[in-house]
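Next up, run.cif (mmCIF, C-alpha atoms):
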data_run
loop_
_atom_site.label_atom_id
_atom_site.label_comp_id
_atom_site.auth_asym_id
_atom_site.auth_seq_id
_atom_site.Cartn_x
_atom_site.Cartn_y
_atom_site.Cartn_z
CA MET S 86 29.30 16.84 15.57
CA LEU S 87 25.55 16.58 16.06
CA ASN S 88 25.05 15.75 12.36
CA GLN S 89 27.62 12.95 12.59
CA PHE S 90 25.92 11.52 15.66
CA ALA S 91 22.51 11.71 13.97
CA PHE S 92 23.90 10.05 10.83
CA LEU S 93 25.52 7.23 12.82
CA TYR S 94 22.31 6.75 14.80
CA CYS S 95 20.13 6.58 11.67
CA ALA S 96 22.61 4.36 9.83
CA SER S 97 22.93 1.91 12.71
CA VAL S 98 19.14 1.73 13.18
CA ILE S 99 18.67 1.19 9.43
CA ILE S 100 21.18 -1.66 9.37
CA GLY S 101 19.78 -3.18 12.56
CA THR S 102 16.14 -3.05 11.46
CA ALA S 103 17.03 -4.42 8.02
CA LEU S 104 18.69 -7.39 9.68
CA LEU S 105 15.73 -7.81 12.03
CA ALA S 106 13.26 -7.68 9.13
CA VAL S 107 15.02 -10.64 7.56
CA ARG S 108 15.60 -12.43 10.85
CA PHE S 109 12.10 -12.29 12.38
CA LYS S 110 10.02 -15.37 11.79
CA ASN S 111 6.73 -13.51 12.30
CA PRO S 112 5.90 -11.45 9.17
CA VAL S 113 4.10 -8.77 11.21
CA TYR S 114 7.27 -8.09 13.18
CA SER S 115 9.19 -7.90 9.92
CA VAL S 116 6.78 -5.30 8.54
CA LEU S 117 7.04 -3.24 11.71
CA SER S 118 10.83 -3.43 11.48
CA VAL S 119 10.69 -2.19 7.89
CA LEU S 120 8.45 0.67 9.04
CA VAL S 121 11.13 1.83 11.49
CA LEU S 122 13.70 1.46 8.71
CA PHE S 123 11.70 3.72 6.36
CA PHE S 124 11.31 6.45 8.97
CA HIS S 125 15.03 6.47 9.69
CA MET S 126 15.78 6.63 5.96
CA GLY S 127 13.59 9.74 5.89
CA GLY S 128 15.73 11.07 8.74
CA LEU S 129 18.86 10.51 6.65
CA TYR S 130 17.32 12.48 3.82
CA LEU S 131 16.58 15.31 6.24
CA LEU S 132 20.24 15.30 7.28
CA LEU S 133 21.12 15.72 3.60
CA ASN S 134 18.76 18.74 3.37
CA ALA S 135 16.48 16.87 0.98
CA GLU S 136 13.17 17.65 2.65
CA PHE S 137 11.00 16.74 -0.33
CA ILE S 138 12.57 13.31 -0.73
CA ALA S 139 12.23 12.74 3.03
CA ALA S 140 8.52 13.57 2.85
CA VAL S 141 8.05 11.31 -0.18
CA GLN S 142 9.94 8.54 1.63
CA VAL S 143 7.63 8.71 4.62
CA ILE S 144 4.39 9.19 2.67
CA VAL S 145 4.99 6.70 -0.14
CA TYR S 146 7.04 3.99 1.50
CA ALA S 147 6.09 4.15 5.18
CA GLY S 148 2.50 4.95 4.25
CA ALA S 149 1.44 3.31 1.02
CA ILE S 150 3.89 0.45 0.49
CA LEU S 151 3.67 -0.80 4.07
CA VAL S 152 -0.13 -0.76 3.89
CA LEU S 153 0.14 -3.04 0.85
CA TYR S 154 2.46 -5.35 2.81
CA LEU S 155 -0.08 -5.48 5.62
CA PHE S 156 -2.90 -6.33 3.20
CA VAL S 157 -0.82 -9.21 1.86
CA LEU S 158 -0.21 -10.39 5.41
CA PHE S 159 -3.94 -10.36 6.05
CA LEU S 160 -4.48 -12.55 2.98
CA VAL S 161 -2.03 -15.27 4.04
CA SER S 162 -2.40 -17.59 7.00
CA LEU S 163 0.12 -16.37 9.57
CA LYS S 164 -0.09 -19.59 11.58
CA ASP S 165 1.09 -21.56 8.55
CA GLU S 166 3.76 -18.99 7.68
CA ILE S 167 5.35 -19.13 11.13
CA LYS S 168 5.54 -22.93 11.02
CA ILE S 169 7.41 -23.02 7.68
CA ASP S 170 11.04 -24.08 7.93
CA ARG S 171 13.80 -21.63 7.19
CA PHE S 172 15.04 -21.19 3.62
CA VAL S 173 18.54 -22.38 4.54
CA ASN S 174 18.79 -24.80 7.44
CA ASN S 175 22.59 -24.95 7.40
CA ARG S 176 23.88 -21.95 9.35
CA ARG S 177 27.46 -22.36 8.05
CA LEU S 178 26.29 -22.36 4.45
CA ALA S 179 24.21 -19.23 5.03
CA THR S 180 27.14 -17.46 6.72
CA ALA S 181 29.54 -18.46 3.92
CA ALA S 182 27.11 -17.24 1.27
CA SER S 183 26.64 -13.92 3.09
CA VAL S 184 30.39 -13.38 3.51
CA GLY S 185 30.95 -14.26 -0.16
CA PHE S 186 28.26 -11.81 -1.23
CA GLY S 187 29.83 -9.10 0.96
CA ILE S 188 33.27 -9.70 -0.54
CA CYS S 189 31.81 -9.45 -4.05
CA LEU S 190 30.17 -6.14 -3.13
CA LEU S 191 33.45 -4.78 -1.73
CA TYR S 192 35.17 -5.79 -4.97
CA ILE S 193 32.52 -4.17 -7.20
CA ILE S 194 31.95 -0.89 -5.31
CA PRO S 195 35.27 0.77 -6.32
CA SER S 196 34.42 0.28 -10.01
CA PHE S 197 31.53 2.77 -9.83
CA LYS S 198 32.31 6.17 -11.32
CA LEU S 199 30.54 9.46 -10.67
CA GLY S 200 28.51 10.85 -13.54
CA ALA S 201 28.64 14.32 -14.99
CA LYS S 202 27.62 17.16 -12.68
CA GLY S 203 24.24 18.74 -13.24
CA ASP S 204 23.33 22.35 -14.01
CA PHE S 205 22.26 23.17 -10.47
CA THR S 206 24.94 24.45 -8.11
CA VAL S 207 24.56 24.43 -4.34
CA GLU S 208 23.92 28.18 -4.31
CA ARG S 209 21.21 27.92 -6.97
CA ILE S 210 19.45 25.12 -5.10
CA THR S 211 19.68 27.08 -1.86
CA ASN S 212 18.07 30.09 -3.52
CA LEU S 213 15.33 28.06 -5.24
CA THR S 214 14.68 25.47 -2.50
CA HIS S 215 14.99 21.77 -3.21
CA THR S 216 11.40 21.23 -4.23
CA LYS S 217 11.43 23.99 -6.87
CA ALA S 218 14.77 22.80 -8.25
CA MET S 219 13.42 19.26 -8.51
CA GLY S 220 10.23 20.54 -10.18
CA PHE S 221 12.18 22.58 -12.74
CA GLU S 222 14.35 19.59 -13.60
CA LEU S 223 11.43 17.16 -13.68
CA TYR S 224 9.20 19.32 -15.89
CA SER S 225 11.92 20.47 -18.27
CA THR S 226 14.69 17.91 -18.76
CA PHE S 227 12.75 14.80 -17.80
CA LEU S 228 9.28 15.73 -19.05
CA LEU S 229 8.95 12.86 -21.55
CA PRO S 230 9.98 10.08 -19.12
CA PHE S 231 7.70 11.63 -16.48
CA GLU S 232 4.73 11.59 -18.86
CA VAL S 233 5.52 8.03 -20.02
CA ALA S 234 5.66 6.84 -16.39
CA GLY S 235 2.28 8.50 -15.75
CA LEU S 236 0.81 6.79 -18.83
CA ILE S 237 2.15 3.40 -17.75
CA LEU S 238 0.62 3.87 -14.29
CA LEU S 239 -2.72 4.86 -15.85
CA ILE S 240 -2.69 1.72 -18.01
CA ALA S 241 -1.86 -0.38 -14.94
CA VAL S 242 -4.79 1.10 -13.00
CA ILE S 243 -7.19 0.47 -15.88
CA GLY S 244 -5.85 -3.09 -16.24
CA GLY S 245 -6.33 -3.68 -12.51
CA LEU S 246 -9.92 -2.44 -12.71
CA VAL S 247 -10.65 -4.69 -15.68
CA LEU S 248 -9.19 -7.72 -13.89
CA ALA S 249 -11.06 -6.92 -10.67
CA ARG S 250 -14.47 -6.83 -12.35
CA LYS S 251 -16.78 -9.69 -11.48
CA GLU S 252 -18.30 -11.99 -14.10
CA ASP S 253 -21.84 -10.77 -13.26
CA GLU S 254 -20.94 -7.17 -14.08
CA VAL S 255 -19.53 -8.17 -17.49
CA GLN S 256 -22.72 -10.00 -18.58
CA LYS S 257 -25.10 -7.10 -17.74
#
Will you turn the file into structure tokens for me?
Amino acid sequence: MLNQFAFLYCASVIIGTALLAVRFKNPVYSVLSVLVLFFHMGGLYLLLNAEFIAAVQVIVYAGAILVLYLFVLFLVSLKDEIKIDRFVNNRRLATAASVGFGICLLYIIPSFKLGAKGDFTVERITNLTHTKAMGFELYSTFLLPFEVAGLILLIAVIGGLVLARKEDEVQK
């Protein structure tokens, strides 16, 4: 009963803050709303006994990604952003588009099929802990994609450093 209440609480806060993030006209309020959303998503992961994913959710998304959003907000003029008109001025058109999108989602969702079950049973994961089970799977089955993702990130960091260099440093 307590798990159901906690799930309903987290789910309702996630939906509410997602709507608020889109609805707020001030970008700072939107970012703060997304911060609350990320923490409650971490809470949902904890309810699913996925402690590692909950920690990654809070550290990566609530920590790193939101800091990037705040840096972008510091780079734009908030006074000009708040004065900009809404994307859709017609409320009926926006409501009709949202309802149509929701109906399309309800039509598509039943077509999804579950994939094949993995090698790890609930008992095996309980004995190993979630983090060890994820590490075994990541460093055995998915080693090549993991290494390729690391290489792509390394290339992106080097590219960012090259683009960030100033002209004076290049000529020396």
All residues 8 Å or closer to Tyr146 of chain S, only C-alpha atoms, same chain fewer than 5 positions away omitted, as a PyMOL selection string: chain S and resi 123+141+151
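Interatomic distance, atom CA of Gly128 of chain S against atom CA of Ala103 of chain S: 15.6 Å.
When atom CA of Ile144 of chain S is paired with atom CA of Ile237 of chain S, their separation reads 21.3 Å.
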Close residues, Val98 of chain S itself excluded, 10 Å, all atoms listed in the file, min 4 positions apart in chain, as an MDAnalysis selection string: chainID S and resid 92:94 102:104 118 121:122 125:126
Which residue of S:Ile194, S:Ala149, S:Leu131, S:Leu158 approaches Val113 of chain S most closely, using all atoms listed in the file: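 Checking each candidate against Val113 of chain S, we get S:Leu158 as the closest.
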Which of S:Val161, S:Leu229, S:Leu129, S:Val116 sits closest to Gln89 of chain S [using only C-alpha atoms]: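 Of S:Val161, S:Leu229, S:Leu129, S:Val116, the one nearest Gln89 of chain S is S:Leu129, counting only C-alpha atoms.
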Distance criterion (all atoms listed in the file): nearest to Phe159 of chain S out of S:Ile240, S:Thr216, S:Ser196, S:Pro112: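 For Phe159 of chain S, the nearest of the candidates is S:Pro112.
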